[in-house]
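Colleague: To be precise about what I am sending: the file is called input.cif and holds mmCIF, C-alpha atoms and all ligand atoms.
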data_structure
loop_
_atom_site.label_atom_id
_atom_site.label_comp_id
_atom_site.auth_asym_id
_atom_site.auth_seq_id
_atom_site.Cartn_x
_atom_site.Cartn_y
_atom_site.Cartn_z
CA MET A 1 238.87 182.46 69.76
CA SER A 2 240.11 180.16 72.55
CA GLY A 3 240.80 176.52 71.68
CA PHE A 4 237.49 175.32 73.13
CA GLU A 5 235.50 178.09 71.43
CA THR A 6 237.08 177.09 68.11
CA LEU A 7 236.20 173.43 68.63
CA ARG A 8 232.64 174.34 69.68
CA ALA A 9 232.23 176.51 66.55
CA LEU A 10 233.55 173.64 64.42
CA VAL A 11 230.99 171.25 65.92
CA VAL A 12 228.16 173.74 65.31
CA LEU A 13 229.36 174.09 61.72
CA GLY A 14 229.92 170.44 60.93
CA ALA A 15 228.09 168.00 63.22
CA THR A 16 225.07 166.04 62.03
CA ARG A 17 222.20 164.49 63.98
CA ARG A 18 223.19 161.05 62.67
CA GLY A 19 225.95 160.24 65.13
CA HIS A 20 228.91 161.41 67.18
CA MET A 21 231.40 163.64 65.41
CA THR A 22 234.96 162.81 66.52
CA LEU A 23 237.67 165.44 66.77
CA THR A 24 241.31 164.45 67.18
CA VAL A 25 243.10 167.55 68.44
CA THR A 26 246.85 167.98 68.63
CA ASP A 27 248.60 170.91 70.23
CA VAL A 28 251.19 172.13 67.71
CA ALA A 29 253.42 175.20 67.50
CA GLY A 30 251.14 178.20 67.02
CA GLY A 31 247.74 176.53 67.37
CA LEU A 32 245.72 173.35 66.98
CA ASP A 33 245.89 170.56 64.41
CA VAL A 34 242.37 169.09 64.13
CA SER A 35 241.18 165.99 62.31
CA VAL A 36 237.42 165.36 62.14
CA GLU A 37 235.63 162.08 61.52
CA ASN A 38 231.92 161.46 61.20
CA GLY A 39 230.93 165.05 60.50
CA LYS A 40 228.81 166.45 57.66
CA ASP A 41 229.60 165.16 54.19
CA LEU A 42 231.92 167.37 52.18
CA ASP A 43 230.45 169.13 49.17
CA LEU A 44 231.62 172.25 47.37
CA LYS A 45 229.68 174.70 49.57
CA PHE A 46 230.63 173.07 52.88
CA ARG A 47 234.29 172.77 51.83
CA SER A 48 234.45 176.50 51.21
CA GLU A 49 232.63 177.28 54.51
CA LEU A 50 235.27 175.24 56.34
CA ALA A 51 238.14 176.80 54.40
CA SER A 52 236.96 180.30 55.30
CA PHE A 53 236.54 179.29 58.95
CA VAL A 54 240.21 178.29 59.33
CA PRO A 55 242.17 181.59 58.94
CA SER A 56 240.51 183.34 61.93
CA SER A 57 240.12 180.18 64.04
CA GLY A 58 243.60 179.54 65.41
CA LEU A 59 243.68 176.18 63.61
CA ILE A 60 246.98 175.31 61.99
CA ARG A 61 245.49 172.44 59.99
CA LEU A 62 241.96 171.18 59.49
CA VAL A 63 241.48 167.67 58.12
CA TRP A 64 237.91 166.51 57.40
CA HIS A 65 237.22 162.84 56.75
CA GLY A 66 240.91 162.40 55.83
CA GLU A 67 241.03 165.37 53.42
CA VAL A 68 243.19 168.40 54.22
CA ILE A 69 240.77 171.35 54.01
CA ALA A 70 243.13 174.17 54.95
CA GLN A 71 246.56 174.64 56.44
CA ASN A 72 247.74 177.80 58.13
CA GLY A 73 251.42 176.92 58.76
CA LEU A 74 253.25 173.65 59.39
CA PRO A 75 251.59 171.41 62.03
CA TYR A 76 254.89 169.97 63.16
CA GLN A 77 256.12 168.15 66.26
CA LEU A 78 259.69 168.58 67.45
CA PHE A 79 261.34 165.19 68.09
CA GLY A 80 264.84 166.06 69.32
CA SER A 81 266.08 168.49 66.68
CA ALA A 82 263.82 167.12 63.91
CA LYS A 83 260.54 168.69 62.84
CA VAL A 84 257.97 166.04 61.88
CA VAL A 85 254.56 166.73 60.37
CA PRO A 86 252.50 163.72 61.49
CA PRO A 87 249.67 162.45 59.30
CA ALA A 88 246.28 163.67 60.57
CA GLY A 89 245.18 161.79 63.67
CA ALA A 90 248.45 159.82 63.92
CA PHE A 91 249.54 158.36 67.26
CA LEU A 92 251.49 160.82 69.42
CA GLN A 93 252.41 160.68 73.09
CA ALA A 94 249.65 162.19 75.23
CA THR A 95 251.58 164.97 76.99
CA ALA A 96 254.78 166.82 76.17
CA HIS A 97 256.09 166.38 79.71
CA GLY A 98 255.39 162.63 79.75
CA GLU A 99 257.02 162.32 76.34
CA ALA A 100 260.17 164.11 77.53
CA VAL A 101 260.43 161.74 80.50
CA LEU A 102 260.01 158.67 78.25
CA VAL A 103 262.60 159.91 75.74
CA ASP A 104 265.04 160.47 78.59
CA SER A 105 264.33 156.93 79.87
CA MET A 106 265.04 155.42 76.46
CA ARG A 107 268.27 157.45 76.13
CA ARG A 108 269.42 155.95 79.45
CA ALA A 109 268.20 152.49 78.40
CA ILE A 110 270.28 152.35 75.20
CA GLY A 111 273.34 154.02 76.79
CA ASP A 112 276.21 154.16 74.30
CA ALA A 113 274.69 151.74 71.75
CA LYS A 114 275.81 152.65 68.24
CA SER A 115 272.91 151.05 66.38
CA VAL A 116 269.36 150.79 67.63
CA VAL A 117 266.13 149.34 66.25
CA ASP A 118 262.99 151.24 67.31
CA LEU A 119 260.00 148.86 67.11
CA PHE A 120 256.46 150.31 66.90
CA ALA A 121 258.21 153.60 66.11
CA GLY A 122 255.21 155.81 65.27
CA CYS A 123 256.35 159.12 63.76
CA GLY A 124 259.76 158.97 65.44
CA THR A 125 259.18 160.10 69.03
CA PHE A 126 262.15 157.97 70.11
CA SER A 127 263.98 157.31 66.81
CA LEU A 128 264.82 160.94 66.07
CA PRO A 129 266.09 161.99 69.54
CA LEU A 130 268.09 158.74 69.77
CA ALA A 131 269.61 159.46 66.34
CA GLN A 132 271.64 162.20 68.01
CA THR A 133 273.98 159.43 69.21
CA ALA A 134 273.08 156.19 67.36
CA ARG A 135 272.07 154.90 63.92
CA VAL A 136 268.40 154.00 64.15
CA HIS A 137 266.18 151.65 62.15
CA ALA A 138 262.51 152.54 62.75
CA VAL A 139 259.78 149.93 62.18
CA GLU A 140 256.03 150.59 62.21
CA ASP A 141 253.02 149.32 60.26
CA VAL A 142 251.54 152.68 59.17
CA SER A 143 253.39 153.78 56.03
CA ASP A 144 252.30 157.46 56.29
CA MET A 145 253.93 157.65 59.71
CA MET A 146 257.16 156.14 58.36
CA GLU A 147 257.14 158.68 55.52
CA ALA A 148 256.61 161.56 57.99
CA LEU A 149 259.50 160.30 60.14
CA ALA A 150 261.81 159.92 57.11
CA ALA A 151 260.93 163.43 55.85
CA GLY A 152 261.65 164.90 59.30
CA TRP A 153 265.03 163.16 59.40
CA ARG A 154 265.98 164.36 55.90
CA GLU A 155 265.36 167.99 56.87
CA ALA A 156 267.17 167.78 60.23
CA ARG A 157 270.87 168.50 60.69
CA GLY A 158 273.49 166.59 62.65
CA LEU A 159 271.67 163.28 63.14
CA LYS A 160 273.07 159.81 62.52
CA GLN A 161 271.45 157.71 59.83
CA VAL A 162 267.78 156.81 60.30
CA THR A 163 266.16 154.16 58.09
CA THR A 164 262.48 153.19 58.08
CA GLU A 165 260.54 150.02 57.38
CA THR A 166 256.76 149.61 57.14
CA ARG A 167 256.01 146.23 58.63
CA ASP A 168 253.32 144.50 60.68
CA LEU A 169 255.23 143.36 63.76
CA PHE A 170 252.36 141.19 65.02
CA ARG A 171 252.47 139.05 61.86
CA ARG A 172 256.11 139.57 60.84
CA PRO A 173 258.24 140.32 63.89
CA LEU A 174 261.96 140.94 63.34
CA LEU A 175 263.76 137.60 63.55
CA PRO A 176 266.98 136.89 65.50
CA ASP A 177 269.22 137.17 62.40
CA GLU A 178 267.72 140.60 61.61
CA LEU A 179 268.08 141.71 65.24
CA ALA A 180 271.76 140.67 65.22
CA LYS A 181 272.61 143.93 63.37
CA PHE A 182 271.69 146.09 66.37
CA ASP A 183 273.27 146.84 69.76
CA ALA A 184 269.97 147.71 71.44
CA VAL A 185 266.20 147.63 70.95
CA VAL A 186 263.54 150.18 71.86
CA ILE A 187 260.03 148.75 71.84
CA ASP A 188 256.77 150.63 72.47
CA PRO A 189 253.83 148.44 71.41
CA PRO A 190 250.12 149.28 71.52
CA ARG A 191 247.98 148.12 74.47
CA ALA A 192 247.90 144.53 73.16
CA GLY A 193 251.64 144.27 73.84
CA ALA A 194 254.12 142.57 71.52
CA ALA A 195 253.87 138.81 72.13
CA ALA A 196 255.23 137.75 68.71
CA GLN A 197 258.11 140.24 68.71
CA ILE A 198 259.03 139.53 72.32
CA ALA A 199 259.24 135.79 71.52
CA GLU A 200 261.84 136.61 68.82
CA LEU A 201 263.74 138.99 71.12
CA ALA A 202 263.87 136.20 73.70
CA LYS A 203 265.53 133.90 71.12
CA SER A 204 267.94 136.60 69.85
CA GLU A 205 271.38 137.69 71.01
CA ILE A 206 270.18 141.25 71.73
CA GLY A 207 271.74 142.45 75.00
CA VAL A 208 269.67 145.56 75.84
CA ILE A 209 265.98 146.38 75.52
CA GLY A 210 264.30 149.68 76.39
CA PHE A 211 260.62 148.89 76.83
CA VAL A 212 257.79 151.46 76.93
CA SER A 213 254.24 150.30 77.56
CA CYS A 214 250.86 151.93 78.17
CA ASN A 215 249.44 148.68 79.53
CA PRO A 216 251.03 147.19 82.67
CA VAL A 217 249.11 143.91 82.14
CA THR A 218 250.57 143.08 78.73
CA PHE A 219 253.90 144.56 79.85
CA ALA A 220 254.02 142.04 82.74
CA ARG A 221 253.17 139.17 80.35
CA ASP A 222 255.92 140.20 77.88
CA ALA A 223 258.43 140.92 80.68
CA ARG A 224 257.94 137.36 82.00
CA VAL A 225 259.05 135.96 78.63
CA LEU A 226 262.20 138.12 78.67
CA LEU A 227 263.07 137.17 82.26
CA ASP A 228 262.59 133.47 81.47
CA ALA A 229 264.97 133.91 78.51
CA GLY A 230 267.78 135.24 80.75
CA PHE A 231 267.20 138.99 80.80
CA VAL A 232 267.21 140.92 84.06
CA LEU A 233 265.01 143.95 84.73
CA ASP A 234 267.52 146.74 85.46
CA TRP A 235 264.97 149.39 86.30
CA LEU A 236 261.35 150.30 85.83
CA GLU A 237 259.76 153.73 85.97
CA VAL A 238 256.09 154.68 86.09
CA VAL A 239 255.15 157.83 84.20
CA ASP A 240 251.87 159.67 84.87
CA GLN A 241 251.38 160.27 81.17
CA PHE A 242 247.59 160.13 80.93
CA ARG A 243 246.48 163.09 83.01
CA TRP A 244 242.99 162.94 84.46
CA SER A 245 242.84 159.17 84.01
CA SER A 246 243.90 156.13 86.03
CA HIS A 247 246.14 154.90 83.17
CA VAL A 248 249.92 154.98 83.48
CA GLU A 249 252.87 154.47 81.18
CA VAL A 250 255.76 152.18 82.12
CA ALA A 251 259.38 152.54 80.97
CA ALA A 252 261.90 149.80 81.70
CA ARG A 253 265.35 148.53 80.81
CA PHE A 254 266.11 144.83 80.35
CA ALA A 255 269.64 143.51 79.88
CA ARG A 256 271.09 140.05 79.39
CA MET A 257 272.89 138.69 82.44
CA SER A 258 276.64 138.68 81.68
C1 LIG B 301 252.09 153.10 71.63
S1 LIG B 301 252.32 153.63 69.98
C2 LIG B 301 254.02 154.12 70.03
C3 LIG B 301 254.49 154.96 68.89
C4 LIG B 301 255.83 155.67 69.11
N1 LIG B 301 256.83 154.81 69.72
C5 LIG B 301 255.65 156.94 69.92
O1 LIG B 301 256.09 156.96 71.09
O2 LIG B 301 255.08 157.90 69.40
C6 LIG B 301 252.33 152.10 69.13
C7 LIG B 301 252.61 152.20 67.66
O3 LIG B 301 252.54 150.86 67.12
C8 LIG B 301 251.96 150.92 65.85
N2 LIG B 301 251.41 149.57 65.58
C9 LIG B 301 250.23 149.07 65.99
N3 LIG B 301 250.10 147.78 65.60
C10 LIG B 301 251.25 147.49 64.91
C11 LIG B 301 251.71 146.32 64.25
N4 LIG B 301 250.98 145.21 64.21
N5 LIG B 301 252.92 146.36 63.68
C12 LIG B 301 253.70 147.47 63.71
N6 LIG B 301 253.29 148.61 64.32
C13 LIG B 301 252.08 148.63 64.91
C14 LIG B 301 250.93 152.03 65.92
O4 LIG B 301 250.64 152.57 64.66
C15 LIG B 301 251.63 153.04 66.85
O5 LIG B 301 252.36 153.98 66.10
#
Render the structure in this file as structure tokens.
Modeller:
Amino acid sequence: MSGFETLRALVVLGATRRGHMTLTVTDVAGGLDVSVENGKDLDLKFRSELASFVPSSGLIRLVWHGEVIAQNGLPYQLFGSAKVVPPAGAFLQATAHGEAVLVDSMRRAIGDAKSVVDLFAGCGTFSLPLAQTARVHAVEDVSDMMEALAAGWREARGLKQVTTETRDLFRRPLLPDELAKFDAVVIDPPRAGAAAQIAELAKSEIGVIGFVSCNPVTFARDARVLLDAGFVLDWLEVVDQFRWSSHVEVAARFARMS
């Protein structure tokens, strides 16, 4: 079955007339990783129908209402040299090509920094590739994503140390004394931006910030705070990450004026 045929068959099998069934589909090595919300309720009979659907479907993992129904291999993502199995439906960059461009931007942004803090780190899209050259502390508020990142790092070879911290950066941003341990920051907030964390970065002694944003409006607001605090914008790149939409991703480097 092609990917779309599989998804269509899954909808025929599991949609109800009550509302919209949502499928989160991730392209993984060997097939698709699918997480379904708002489908039919799971009972014994339906669970076994779904489980028997998976082996011939090309699905690597099927998660229904948060429950893993069947897995046909490891639904992993390769971040640098590390294999990470993200929790079902977890945030991932939208396209592999866009992701590669953003990772390259952040490598150039941190340069030869020896210790980096990756804020809003997700499952380690930036942390793990950057750990090829720097110690990385990854911070994110979804604990399952931090666990996936840590497990990927433990299995990988040849990376510098990566530590993780589950923390709500809107309510509890890293403070200047905590930031003092790092040579550089990578920050990639959700569309709302990172007002609280940027205010602390502005007060800190941090010299270099690699900034990724999927919302140019909140990026401009947060960039203004950094510029007013004495940073300069070294460069800014626009990445056409969201194919078939008018949205863009921005990657930038800020550095303190010396
Ligand atoms: C744009 S994504 C970037 C993730 C990661 N850097 C990547 O490229 O895959 C933003 C991340 O921020 C996390 N997040 C959202 N609100 C947060 C908060 N208040 N505190 C910490 N992390 C948060 C989300 O779970 C998500 O993983």
Colleague: Pick the closest to ligand LIG 301 (chain B) from A:Val248, A:Val142, A:Ala151, A:Ala195: which is it, counting all atoms listed in the file?
Modeller: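 Checking each of A:Val248, A:Val142, A:Ala151, A:Ala195 against ligand LIG 301 (chain B), counting all atoms listed in the file, the winner is A:Val142.
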Colleague: Restrict the calculation to all atoms listed in the file, then for each residue of region 198-255 of chain A with any atom at most 10 Å from an atom of region 169-174 of chain A give the closest atom pair and their distance in Å to one decimal, rows by chain and rising residue number, as CSV.
Modeller:
residue,atom,partner,partner_atom,distance
A:Ile198,CA,A:Pro173,CA,8.5
A:Ala199,CA,A:Pro173,CA,8.9
A:Glu200,CA,A:Leu174,CA,7.0
A:Leu201,CA,A:Leu174,CA,8.2
A:Ser204,CA,A:Leu174,CA,9.8
Colleague: Throw together the list of residues within 6 Å of ligand LIG 301 (chain B), counting all atoms listed in the file, and drop it here as a list in words.
Modeller: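 I would give the residues around ligand LIG 301 (chain B) as Phe91, Leu92, Gln93, Phe120, Ala121, Gly122, Cys123, Thr125, Glu140, Asp141, Val142, Arg167, Asp168, Leu169, Phe170, Asp188, Pro189 and Pro190 of chain A.
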Colleague: With distances taken over only C-alpha atoms, which residue among A:His65, A:Arg157, A:Arg191, A:Lys45 lies nearest Leu23 (chain A)?
Modeller: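 Closest to Leu23 (chain A), using only C-alpha atoms: A:His65.
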Colleague: Within 12 Å of His247 (chain A), counting only C-alpha atoms, which residues show up once you throw out same-chain ones fewer than 4 positions away? Write them as a PyMOL selection string, please.
Modeller: chain A and resi 94+191+213-217+238-243
Colleague: I need the residues from that last selection saved to file as a PDB file, keeping the file's coordinate frame (with C-alpha atoms), if you can.
Modeller:
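Saved result, again.pdb, follows:
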ATOM      1  CA  ALA A  94     249.650 162.190  75.230  1.00  0.00           C
ATOM      2  CA  ARG A 191     247.980 148.120  74.470  1.00  0.00           C
ATOM      3  CA  SER A 213     254.240 150.300  77.560  1.00  0.00           C
ATOM      4  CA  CYS A 214     250.860 151.930  78.170  1.00  0.00           C
ATOM      5  CA  ASN A 215     249.440 148.680  79.530  1.00  0.00           C
ATOM      6  CA  PRO A 216     251.030 147.190  82.670  1.00  0.00           C
ATOM      7  CA  VAL A 217     249.110 143.910  82.140  1.00  0.00           C
ATOM      8  CA  VAL A 238     256.090 154.680  86.090  1.00  0.00           C
ATOM      9  CA  VAL A 239     255.150 157.830  84.200  1.00  0.00           C
ATOM     10  CA  ASP A 240     251.870 159.670  84.870  1.00  0.00           C
ATOM     11  CA  GLN A 241     251.380 160.270  81.170  1.00  0.00           C
ATOM     12  CA  PHE A 242     247.590 160.130  80.930  1.00  0.00           C
ATOM     13  CA  ARG A 243     246.480 163.090  83.010  1.00  0.00           C
TER      14      ARG A 243
END
Colleague: To one decimal place, how far is CA of Ser57 (chain A) from CA of Gly30 (chain A) in Å?
Modeller: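 Spanning CA of Ser57 (chain A) to CA of Gly30 (chain A) is a straight-line distance of 11.6 Å.
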Colleague: Record the distance separating CA of Lys203 (chain A) and CA of Thr163 (chain A), expressed in Å with one decimal.
Modeller: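 Computing it gives 24.1 Å between the two atoms.
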Colleague: Extract, using all atoms listed in the file, all DNA, RNA and protein residues at most 8 Å from Asp234 (chain A), discarding same-chain residues fewer than 5 positions from it, and format them as a count of residues only.
Modeller: 4
Colleague: Do a neighbour search on region 73-86 of chain A at 8 Å with all atoms listed in the file, toss out local chain neighbours closer than 3 positions, and write the hits as number ranges by chain.
Modeller: A: 28-29, 32-33, 60-61, 89-90, 123-126, 128-129, 132, 145, 148-149, 151-153, 155-157
Colleague: Hey, can you check how far CA of Val34 (chain A) sits from CA of Ala96 (chain A)?
Modeller: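 One can read the CA of Val34 (chain A) to CA of Ala96 (chain A) distance as 17.4 Å.
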Colleague: Return the single residue from A:Arg154, A:Trp64, A:Phe211, A:Asn72 that is closest to Glu249 (chain A), with distances computed using only C-alpha atoms.
Modeller: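 Among A:Arg154, A:Trp64, A:Phe211, A:Asn72, it is A:Phe211 that comes nearest to Glu249 (chain A).
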Colleague: From the list A:Leu7, A:Ala184, A:Ala251, A:Ala229, which residue is nearest Val103 (chain A) when using only C-alpha atoms?
Modeller: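 Going through A:Leu7, A:Ala184, A:Ala251, A:Ala229 one by one, the smallest distance to Val103 (chain A) is for A:Ala251.
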Colleague: Name the residues in contact with Leu50 (chain A) at a cut-off of 12 Å, using all atoms listed in the file, excluding same-chain residues fewer than 2 positions from it; report them as a PyMOL selection string.
Modeller: chain A and resi 9-14+36+39-48+52-57+59+61-64+67-71
Colleague: Hey, can you spit out that residue selection with C-alpha atoms as a compact mmCIF listing (two decimals), keeping the file's coordinate frame?
Modeller:
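Just written: again_23.txt:
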# COMPACT_ATOMS: atom_id res chain seq x y z
CA ALA A 9 232.23 176.51 66.55
CA LEU A 10 233.55 173.64 64.42
CA VAL A 11 230.99 171.25 65.92
CA VAL A 12 228.16 173.74 65.31
CA LEU A 13 229.36 174.09 61.72
CA GLY A 14 229.92 170.44 60.93
CA VAL A 36 237.42 165.36 62.14
CA GLY A 39 230.93 165.05 60.50
CA LYS A 40 228.81 166.45 57.66
CA ASP A 41 229.60 165.16 54.19
CA LEU A 42 231.92 167.37 52.18
CA ASP A 43 230.45 169.13 49.17
CA LEU A 44 231.62 172.25 47.37
CA LYS A 45 229.68 174.70 49.57
CA PHE A 46 230.63 173.07 52.88
CA ARG A 47 234.29 172.77 51.83
CA SER A 48 234.45 176.50 51.21
CA SER A 52 236.96 180.30 55.30
CA PHE A 53 236.54 179.29 58.95
CA VAL A 54 240.21 178.29 59.33
CA PRO A 55 242.17 181.59 58.94
CA SER A 56 240.51 183.34 61.93
CA SER A 57 240.12 180.18 64.04
CA LEU A 59 243.68 176.18 63.61
CA ARG A 61 245.49 172.44 59.99
CA LEU A 62 241.96 171.18 59.49
CA VAL A 63 241.48 167.67 58.12
CA TRP A 64 237.91 166.51 57.40
CA GLU A 67 241.03 165.37 53.42
CA VAL A 68 243.19 168.40 54.22
CA ILE A 69 240.77 171.35 54.01
CA ALA A 70 243.13 174.17 54.95
CA GLN A 71 246.56 174.64 56.44
Colleague: Taking the partial coordinates given, rebuild region 44-68 of chain A to contain N, CA and C atoms; return it as an mmCIF file, in the frame of the given file.
Modeller:
data_model
loop_
_atom_site.group_PDB
_atom_site.id
_atom_site.type_symbol
_atom_site.label_atom_id
_atom_site.label_comp_id
_atom_site.auth_asym_id
_atom_site.auth_seq_id
_atom_site.Cartn_x
_atom_site.Cartn_y
_atom_site.Cartn_z
ATOM 1 N N LEU A 44 230.900 171.040 47.740
ATOM 2 C CA LEU A 44 231.620 172.250 47.370
ATOM 3 C C LEU A 44 231.350 173.400 48.368
ATOM 4 N N LYS A 45 230.062 173.573 48.720
ATOM 5 C CA LYS A 45 229.680 174.700 49.570
ATOM 6 C C LYS A 45 230.274 174.530 50.979
ATOM 7 N N PHE A 46 230.151 173.309 51.508
ATOM 8 C CA PHE A 46 230.630 173.070 52.880
ATOM 9 C C PHE A 46 232.162 173.161 52.946
ATOM 10 N N ARG A 47 232.827 172.652 51.890
ATOM 11 C CA ARG A 47 234.290 172.770 51.830
ATOM 12 C C ARG A 47 234.709 174.234 51.938
ATOM 13 N N SER A 48 234.009 175.100 51.192
ATOM 14 C CA SER A 48 234.450 176.500 51.210
ATOM 15 C C SER A 48 234.056 177.167 52.535
ATOM 16 N N GLU A 49 232.959 176.747 53.168
ATOM 17 C CA GLU A 49 232.630 177.280 54.510
ATOM 18 C C GLU A 49 233.755 176.919 55.499
ATOM 19 N N LEU A 50 234.200 175.670 55.421
ATOM 20 C CA LEU A 50 235.270 175.240 56.340
ATOM 21 C C LEU A 50 236.563 175.996 56.054
ATOM 22 N N ALA A 51 236.879 176.125 54.771
ATOM 23 C CA ALA A 51 238.140 176.800 54.400
ATOM 24 C C ALA A 51 238.123 178.246 54.880
ATOM 25 N N SER A 52 236.961 178.899 54.838
ATOM 26 C CA SER A 52 236.960 180.300 55.300
ATOM 27 C C SER A 52 236.918 180.385 56.818
ATOM 28 N N PHE A 53 236.540 179.317 57.483
ATOM 29 C CA PHE A 53 236.540 179.290 58.950
ATOM 30 C C PHE A 53 237.991 179.257 59.492
ATOM 31 N N VAL A 54 238.875 178.572 58.779
ATOM 32 C CA VAL A 54 240.210 178.290 59.330
ATOM 33 C C VAL A 54 241.065 179.535 59.621
ATOM 34 N N PRO A 55 241.195 180.507 58.707
ATOM 35 C CA PRO A 55 242.170 181.590 58.940
ATOM 36 C C PRO A 55 241.972 182.343 60.263
ATOM 37 N N SER A 56 240.718 182.556 60.695
ATOM 38 C CA SER A 56 240.510 183.340 61.930
ATOM 39 C C SER A 56 240.329 182.437 63.152
ATOM 40 N N SER A 57 240.510 181.111 62.984
ATOM 41 C CA SER A 57 240.120 180.180 64.040
ATOM 42 C C SER A 57 241.245 179.794 64.996
ATOM 43 N N GLY A 58 242.485 180.038 64.599
ATOM 44 C CA GLY A 58 243.600 179.540 65.410
ATOM 45 C C GLY A 58 243.961 178.096 65.058
ATOM 46 N N LEU A 59 243.304 177.529 64.032
ATOM 47 C CA LEU A 59 243.680 176.180 63.610
ATOM 48 C C LEU A 59 244.886 176.261 62.681
ATOM 49 N N ILE A 60 245.827 175.357 62.889
ATOM 50 C CA ILE A 60 246.980 175.310 61.990
ATOM 51 C C ILE A 60 246.665 174.390 60.813
ATOM 52 N N ARG A 61 245.909 173.326 61.091
ATOM 53 C CA ARG A 61 245.490 172.440 59.990
ATOM 54 C C ARG A 61 244.106 171.913 60.328
ATOM 55 N N LEU A 62 243.265 171.825 59.316
ATOM 56 C CA LEU A 62 241.960 171.180 59.490
ATOM 57 C C LEU A 62 241.846 170.059 58.458
ATOM 58 N N VAL A 63 241.661 168.845 58.981
ATOM 59 C CA VAL A 63 241.480 167.670 58.120
ATOM 60 C C VAL A 63 240.076 167.151 58.360
ATOM 61 N N TRP A 64 239.308 166.952 57.280
ATOM 62 C CA TRP A 64 237.910 166.510 57.400
ATOM 63 C C TRP A 64 237.773 165.195 56.663
ATOM 64 N N HIS A 65 237.385 164.173 57.359
ATOM 65 C CA HIS A 65 237.220 162.840 56.750
ATOM 66 C C HIS A 65 238.472 162.467 55.936
ATOM 67 N N GLY A 66 239.655 162.782 56.479
ATOM 68 C CA GLY A 66 240.910 162.400 55.830
ATOM 69 C C GLY A 66 241.419 163.388 54.792
ATOM 70 N N GLU A 67 240.609 164.409 54.455
ATOM 71 C CA GLU A 67 241.030 165.370 53.420
ATOM 72 C C GLU A 67 241.508 166.663 54.075
ATOM 73 N N VAL A 68 242.706 167.120 53.670
ATOM 74 C CA VAL A 68 243.190 168.400 54.220
ATOM 75 C C VAL A 68 242.351 169.515 53.607
#
